[in-house]
>>> print(open('target-v4.csv').read())   # CSV, C-alpha atoms and all ligand atoms
chain,number,residue,atom,x,y,z
Q,1,MET,CA,-132.5,211.5,289.3
Q,2,ARG,CA,-133.8,214.4,291.5
Q,3,ILE,CA,-133.9,213.4,295.2
Q,4,ILE,CA,-134.5,215.0,298.6
Q,5,LEU,CA,-132.9,213.4,301.6
Q,6,MET,CA,-134.9,214.2,304.7
Q,7,GLY,CA,-134.6,213.3,308.3
Q,8,PRO,CA,-133.8,215.0,311.7
Q,9,PRO,CA,-130.3,216.4,312.5
Q,10,GLY,CA,-128.1,213.4,313.2
Q,11,ALA,CA,-130.1,210.9,311.1
Q,12,GLY,CA,-127.1,210.4,308.9
Q,13,LYS,CA,-128.1,212.5,305.9
Q,14,GLY,CA,-124.6,213.8,305.2
Q,15,THR,CA,-123.1,210.3,305.2
Q,16,GLN,CA,-125.8,208.8,303.0
Q,17,ALA,CA,-125.8,211.8,300.7
Q,18,ASP,CA,-122.0,211.4,300.1
Q,19,PHE,CA,-122.5,207.8,299.2
Q,20,LEU,CA,-125.6,208.2,297.0
Q,21,THR,CA,-124.3,211.1,295.0
Q,22,LYS,CA,-121.1,209.2,294.2
Q,23,GLU,CA,-123.1,206.1,293.3
Q,24,LEU,CA,-125.7,208.0,291.2
Q,25,LYS,CA,-123.2,210.6,289.8
Q,26,ILE,CA,-125.3,213.6,290.7
Q,27,PRO,CA,-124.3,216.8,292.6
Q,28,HIS,CA,-124.8,216.8,296.4
Q,29,ILE,CA,-126.5,220.1,297.5
Q,30,SER,CA,-126.2,220.6,301.3
Q,31,THR,CA,-127.5,223.9,302.5
Q,32,GLY,CA,-125.8,223.3,305.9
Q,33,GLU,CA,-122.4,222.8,304.0
Q,34,MET,CA,-123.1,225.9,301.9
Q,35,PHE,CA,-123.7,228.0,305.1
Q,36,ARG,CA,-120.7,226.5,306.9
Q,37,LYS,CA,-118.4,227.4,303.9
Q,38,ALA,CA,-119.8,231.0,303.9
Q,39,VAL,CA,-119.2,231.2,307.7
Q,40,LYS,CA,-115.6,230.0,307.2
Q,41,GLU,CA,-115.0,232.5,304.4
Q,42,ASN,CA,-116.7,235.3,306.5
Q,43,THR,CA,-118.9,236.4,303.6
Q,44,PRO,CA,-122.0,238.5,304.2
Q,45,LEU,CA,-124.1,235.4,303.8
Q,46,GLY,CA,-121.9,233.6,306.4
Q,47,ILE,CA,-122.1,236.4,308.9
Q,48,GLU,CA,-125.9,236.4,308.7
Q,49,ALA,CA,-126.2,232.6,308.7
Q,50,LYS,CA,-123.9,232.2,311.8
Q,51,ARG,CA,-126.3,234.1,314.0
Q,52,TYR,CA,-129.0,231.5,313.5
Q,53,MET,CA,-126.7,228.4,313.2
Q,54,ASP,CA,-125.0,228.9,316.5
Q,55,SER,CA,-128.3,228.8,318.4
Q,56,GLY,CA,-129.7,225.9,316.3
Q,57,GLN,CA,-132.3,228.1,314.6
Q,58,LEU,CA,-133.1,228.0,310.9
Q,59,VAL,CA,-131.6,230.6,308.6
Q,60,PRO,CA,-134.6,232.7,307.2
Q,61,ASP,CA,-136.4,231.1,304.3
Q,62,ALA,CA,-135.8,234.0,301.8
Q,63,VAL,CA,-132.0,233.6,302.3
Q,64,THR,CA,-132.0,229.8,302.1
Q,65,VAL,CA,-134.3,229.6,299.1
Q,66,GLY,CA,-132.2,232.2,297.3
Q,67,ILE,CA,-129.0,230.2,297.5
Q,68,VAL,CA,-130.7,226.9,296.5
Q,69,LYS,CA,-132.4,228.6,293.5
Q,70,GLU,CA,-129.0,229.8,292.3
Q,71,ARG,CA,-127.4,226.5,292.8
Q,72,LEU,CA,-130.1,224.5,291.0
Q,73,ALA,CA,-129.7,226.8,288.0
Q,74,GLU,CA,-126.1,225.7,287.6
Q,75,ALA,CA,-125.3,223.4,284.6
Q,76,ASP,CA,-124.3,220.3,286.6
Q,77,CYS,CA,-127.8,220.1,288.1
Q,78,GLN,CA,-129.3,219.4,284.7
Q,79,LYS,CA,-128.4,215.7,285.1
Q,80,GLY,CA,-130.1,215.6,288.5
Q,81,PHE,CA,-129.2,216.4,292.1
Q,82,LEU,CA,-129.6,215.3,295.7
Q,83,LEU,CA,-130.9,217.9,298.2
Q,84,ASP,CA,-129.6,217.3,301.8
Q,85,GLY,CA,-131.0,219.5,304.5
Q,86,PHE,CA,-133.4,221.4,302.2
Q,87,PRO,CA,-136.3,222.0,302.3
Q,88,ARG,CA,-136.7,222.4,306.1
Q,89,THR,CA,-140.0,224.3,306.1
Q,90,VAL,CA,-143.3,224.2,304.2
Q,91,ALA,CA,-142.5,227.6,302.8
Q,92,GLN,CA,-139.1,226.3,301.4
Q,93,ALA,CA,-140.9,223.2,300.0
Q,94,ASP,CA,-143.4,225.5,298.2
Q,95,ALA,CA,-140.6,227.7,296.9
Q,96,LEU,CA,-138.8,224.6,295.6
Q,97,ASP,CA,-141.9,223.4,293.8
Q,98,VAL,CA,-142.1,226.8,292.0
Q,99,THR,CA,-138.4,226.7,291.1
Q,100,LEU,CA,-138.6,223.1,289.8
Q,101,ARG,CA,-141.6,224.0,287.7
Q,102,GLU,CA,-139.8,227.0,286.3
Q,103,LEU,CA,-136.9,224.7,285.4
Q,104,GLY,CA,-139.4,222.3,283.8
Q,105,VAL,CA,-138.3,219.3,286.0
Q,106,LYS,CA,-139.9,217.1,288.7
Q,107,LEU,CA,-138.7,215.4,291.9
Q,108,ASN,CA,-138.4,211.7,291.7
Q,109,GLN,CA,-138.3,210.7,295.4
Q,110,VAL,CA,-138.1,212.1,298.9
Q,111,ILE,CA,-136.2,209.7,301.2
Q,112,ASN,CA,-137.0,210.1,304.9
Q,113,LEU,CA,-134.5,208.6,307.4
Q,114,LEU,CA,-136.2,207.5,310.6
Q,115,VAL,CA,-134.2,207.7,313.9
Q,116,GLY,CA,-135.5,208.1,317.5
Q,117,ARG,CA,-134.7,211.2,319.5
Q,118,ASP,CA,-132.4,209.6,322.1
Q,119,ALA,CA,-130.2,208.1,319.5
Q,120,LEU,CA,-130.1,211.4,317.7
Q,121,LEU,CA,-129.0,213.2,320.8
Q,122,GLN,CA,-126.2,210.7,321.4
Q,123,ARG,CA,-125.1,210.7,317.8
Q,124,LEU,CA,-124.9,214.5,317.5
Q,125,THR,CA,-123.2,215.3,320.8
Q,126,GLY,CA,-120.6,212.6,320.1
Q,127,ARG,CA,-119.9,213.6,316.5
Q,128,ARG,CA,-116.5,214.9,315.6
Q,129,VAL,CA,-115.5,216.3,312.2
Q,130,CYS,CA,-112.1,216.6,310.5
Q,131,LYS,CA,-111.1,220.2,309.9
Q,132,SER,CA,-109.2,219.4,306.7
Q,133,CYS,CA,-111.2,216.8,304.8
Q,134,GLY,CA,-114.7,216.9,306.5
Q,135,ALA,CA,-114.7,213.1,307.4
Q,136,THR,CA,-117.0,212.5,310.4
Q,137,TYR,CA,-116.5,210.2,313.4
Q,138,HIS,CA,-118.2,209.4,316.6
Q,139,VAL,CA,-116.4,209.3,319.9
Q,140,LEU,CA,-118.1,206.0,320.9
Q,141,TYR,CA,-119.5,204.4,317.7
Q,142,ASN,CA,-116.9,205.3,315.1
Q,143,PRO,CA,-113.8,206.7,316.7
Q,144,SER,CA,-110.8,207.7,314.6
Q,145,ALA,CA,-108.0,205.1,314.6
Q,146,ALA,CA,-105.7,208.1,314.9
Q,147,GLY,CA,-107.1,209.4,318.2
Q,148,GLN,CA,-107.7,213.1,318.2
Q,149,LYS,CA,-106.6,213.3,314.5
Q,150,CYS,CA,-108.3,212.2,311.3
Q,151,GLN,CA,-107.4,208.6,310.3
Q,152,LEU,CA,-107.6,209.6,306.7
Q,153,CYS,CA,-105.6,212.8,306.5
Q,154,GLN,CA,-104.2,213.4,310.0
Q,155,GLY,CA,-106.3,216.6,310.2
Q,156,GLU,CA,-107.5,217.9,313.5
Q,157,LEU,CA,-110.9,216.7,314.7
Q,158,TYR,CA,-113.4,219.2,316.2
Q,159,GLN,CA,-116.9,219.4,317.5
Q,160,ARG,CA,-119.2,221.5,315.3
Q,161,SER,CA,-120.3,224.5,317.4
Q,162,ASP,CA,-124.0,223.5,316.9
Q,163,ASP,CA,-123.3,219.9,318.1
Q,164,THR,CA,-123.1,220.9,321.8
Q,165,GLU,CA,-125.8,219.6,324.1
Q,166,ALA,CA,-127.8,222.8,324.5
Q,167,THR,CA,-127.9,223.6,320.7
Q,168,VAL,CA,-128.6,220.0,319.8
Q,169,ALA,CA,-131.8,219.9,321.9
Q,170,ASN,CA,-132.9,223.1,320.3
Q,171,ARG,CA,-132.2,221.8,316.7
Q,172,LEU,CA,-134.3,218.7,317.4
Q,173,ASP,CA,-137.2,220.9,318.7
Q,174,VAL,CA,-136.9,223.1,315.6
Q,175,TYR,CA,-137.0,220.0,313.5
Q,176,GLU,CA,-140.1,218.7,315.1
Q,177,GLN,CA,-141.9,222.0,314.8
Q,178,GLN,CA,-140.8,223.3,311.4
Q,179,THR,CA,-139.5,220.4,309.4
Q,180,ALA,CA,-141.5,217.3,310.5
Q,181,PRO,CA,-144.6,218.6,308.7
Q,182,LEU,CA,-142.8,218.0,305.4
Q,183,VAL,CA,-143.2,214.3,305.9
Q,184,ALA,CA,-147.0,214.6,305.4
Q,185,TYR,CA,-146.4,217.2,302.7
Q,186,TYR,CA,-144.4,214.8,300.5
Q,187,GLU,CA,-146.5,211.8,301.5
Q,188,LYS,CA,-149.5,213.5,300.1
Q,189,LYS,CA,-147.6,214.1,296.8
Q,190,GLY,CA,-146.9,210.3,296.7
Q,191,LEU,CA,-143.1,211.0,296.8
Q,192,LEU,CA,-142.2,209.8,300.3
Q,193,LEU,CA,-140.1,206.7,301.1
Q,194,ASN,CA,-139.4,206.0,304.8
Q,195,ILE,CA,-136.1,204.2,305.5
Q,196,ALA,CA,-135.0,203.0,309.0
Q,197,GLY,CA,-132.0,205.0,309.9
Q,198,ASN,CA,-130.8,203.0,312.9
Q,199,GLU,CA,-128.9,200.3,310.9
Q,200,THR,CA,-125.3,200.4,309.8
Q,201,VAL,CA,-124.3,203.0,307.2
Q,202,GLU,CA,-123.8,200.2,304.6
Q,203,ALA,CA,-127.2,198.6,305.3
Q,204,ILE,CA,-129.0,201.9,305.1
Q,205,ALA,CA,-127.3,202.8,301.8
Q,206,GLU,CA,-128.2,199.4,300.3
Q,207,ASN,CA,-131.9,199.9,301.4
Q,208,ILE,CA,-132.0,203.3,299.8
Q,209,LEU,CA,-130.6,202.1,296.5
Q,210,LYS,CA,-133.0,199.2,296.5
Q,211,VAL,CA,-136.1,201.3,297.0
Q,212,LEU,CA,-134.8,203.9,294.5
Q,213,GLY,CA,-134.3,201.1,291.9
Q,214,SER,CA,-137.7,199.6,292.4
Q,215,GLU,CA,-139.4,203.0,292.4
Q,216,GLN,CA,-137.7,203.8,289.1
Q,217,GLY,CA,-139.0,200.5,287.8
Q,301,LIG,P1,-127.1,220.9,308.7
Q,301,LIG,O1,-125.7,220.7,308.4
Q,301,LIG,O2,-128.0,220.5,307.6
Q,301,LIG,O3,-127.6,220.2,310.0
Q,301,LIG,O4,-127.4,222.5,308.9
Q,301,LIG,C1,-126.7,223.2,309.9
Q,301,LIG,C2,-127.5,224.5,310.2
Q,301,LIG,O5,-127.5,225.3,309.0
Q,301,LIG,C3,-128.9,224.3,310.6
Q,301,LIG,O6,-129.0,224.1,312.0
Q,301,LIG,C4,-129.5,225.7,310.2
Q,301,LIG,O7,-129.1,226.7,311.1
Q,301,LIG,C5,-128.8,226.0,308.9
Q,301,LIG,N1,-129.5,225.4,307.8
Q,301,LIG,C6,-129.2,224.4,307.0
Q,301,LIG,N2,-130.1,224.1,306.0
Q,301,LIG,C7,-131.1,225.0,306.3
Q,301,LIG,C8,-132.4,225.2,305.7
Q,301,LIG,N3,-132.8,224.5,304.6
Q,301,LIG,N4,-133.2,226.2,306.2
Q,301,LIG,C9,-132.7,227.0,307.2
Q,301,LIG,N5,-131.6,226.8,307.8
Q,301,LIG,C10,-130.7,225.8,307.4
>>> encode(input="target-v4.csv", output="structure tokens")
Amino acid sequence: MRIILMGPPGAGKGTQADFLTKELKIPHISTGEMFRKAVKENTPLGIEAKRYMDSGQLVPDAVTVGIVKERLAEADCQKGFLLDGFPRTVAQADALDVTLRELGVKLNQVINLLVGRDALLQRLTGRRVCKSCGATYHVLYNPSAAGQKCQLCQGELYQRSDDTEATVANRLDVYEQQTAPLVAYYEKKGLLLNIAGNETVEAIAENILKVLGSEQG
């Protein structure tokens, strides 16, 4: 199964991707996570990516396409994969097309999570992440039972530097301008499945699995 999970920042891609990749036993490829790891490790890639991430801009296509291409060539991707947060521009989608053709494989589905802008703003600015295990919470809708600590591992909770109000507004604008055109792009290819993203995590996951199952026939 080769899937792209699309949707604006804050639509719940990460949460759904975690669930789906466990369920379908395929690797979870998140370019955002790859960049955050590089930033944490202070690698040359991280230093370059940070300049864009902190202001909510996209990392240049050439850099992003390069890391995805390398990742897709790894052995575990032979059984399939789920792309989360990639592609984010038409140029990235075209480059992915070429890469998949070179690998001799095809995409099965593009899942597009739909959530309105006001809800996204609220979700993103209230999001908190565990420094140790990466679990995500929301100050209002999904607070940690352990207060300022992670209820799973007691790690410290923090706000991603790009989840502040100013950066979030910019990220949503960038999404509208550069990523939203991909909805029509994949619709034209007959791969797009729209899923309402304003339900509970469990209900959304169930809907996605249902449509994936029926599309696979
Ligand atoms: P995410 O965790 O997917 O919201 O990504 C966090 C940040 O990483 C984005 O705001 C971008 O700066 C950068 N990023 C992640 N994926 C991409 C991509 N496909 N193209 C360009 N920049 C990306």
>>> residues_near_point(input="target-v4.csv", point="(-144.7, 222.3, 295.6)", cutoff="12 Å", atoms="all atoms listed in the file", output="list of chain:residue names")
Q:Pro87, Q:Thr89, Q:Val90, Q:Ala91, Q:Gln92, Q:Ala93, Q:Asp94, Q:Ala95, Q:Leu96, Q:Asp97, Q:Val98, Q:Thr99, Q:Leu100, Q:Arg101, Q:Glu102, Q:Val105, Q:Lys106, Q:Leu107, Q:Leu182, Q:Tyr185, Q:Tyr186, Q:Lys188, Q:Lys189, Q:Leu191
>>> residues_near_ligand(input="target-v4.csv", ligand="ligand LIG 301 (chain Q)", cutoff="8 Å", atoms="all atoms listed in the file", output="VMD selection string")
chain Q and resid 9 to 10 14 30 to 33 35 to 36 49 to 50 52 to 61 64 to 65 84 to 89 92 162 171
>>> atom_distance(input="target-v4.csv", atom1="CA of Val168 in chain Q", atom2="CA of Pro8 in chain Q")
10.8 Å
>>> atom_distance(input="target-v4.csv", atom1="CA of Gly46 in chain Q", atom2="CA of Val115 in chain Q")
29.6 Å
>>> atom_distance(input="target-v4.csv", atom1="CA of Phe19 in chain Q", atom2="CA of Tyr137 in chain Q")
15.6 Å
>>> closest_residue(input="target-v4.csv", among="Q:Thr136, Q:Gln159, Q:Thr125, Q:Gln78", to="Asp18 in chain Q", atoms="only C-alpha atoms")
Q:Thr136
>>> closest_residue(input="target-v4.csv", among="Q:His138, Q:Thr179, Q:Thr167, Q:Phe81", to="Lys22 in chain Q", atoms="all atoms listed in the file")
Q:Phe81
>>> closest_residue(input="target-v4.csv", among="Q:Asn170, Q:Lys40, Q:Leu103, Q:Ala17", to="Lys69 in chain Q", atoms="only C-alpha atoms")
Q:Leu103
>>> closest_residue(input="target-v4.csv", among="Q:Gly126, Q:Pro27, Q:Pro44, Q:Gly116", to="Asp163 in chain Q", atoms="all atoms listed in the file")
Q:Gly126
>>> residues_near_point(input="target-v4.csv", point="(-131.4, 202.7, 298.3)", cutoff="12 Å", atoms="only C-alpha atoms", output="PyMOL selection string")
chain Q and resi 3+5+16-17+19-21+23-24+109-113+193-197+201-216
>>> closest_residue(input="target-v4.csv", among="Q:Leu124, Q:Leu114, Q:Leu82, Q:Ala75", to="Leu140 in chain Q", atoms="only C-alpha atoms")
Q:Leu124
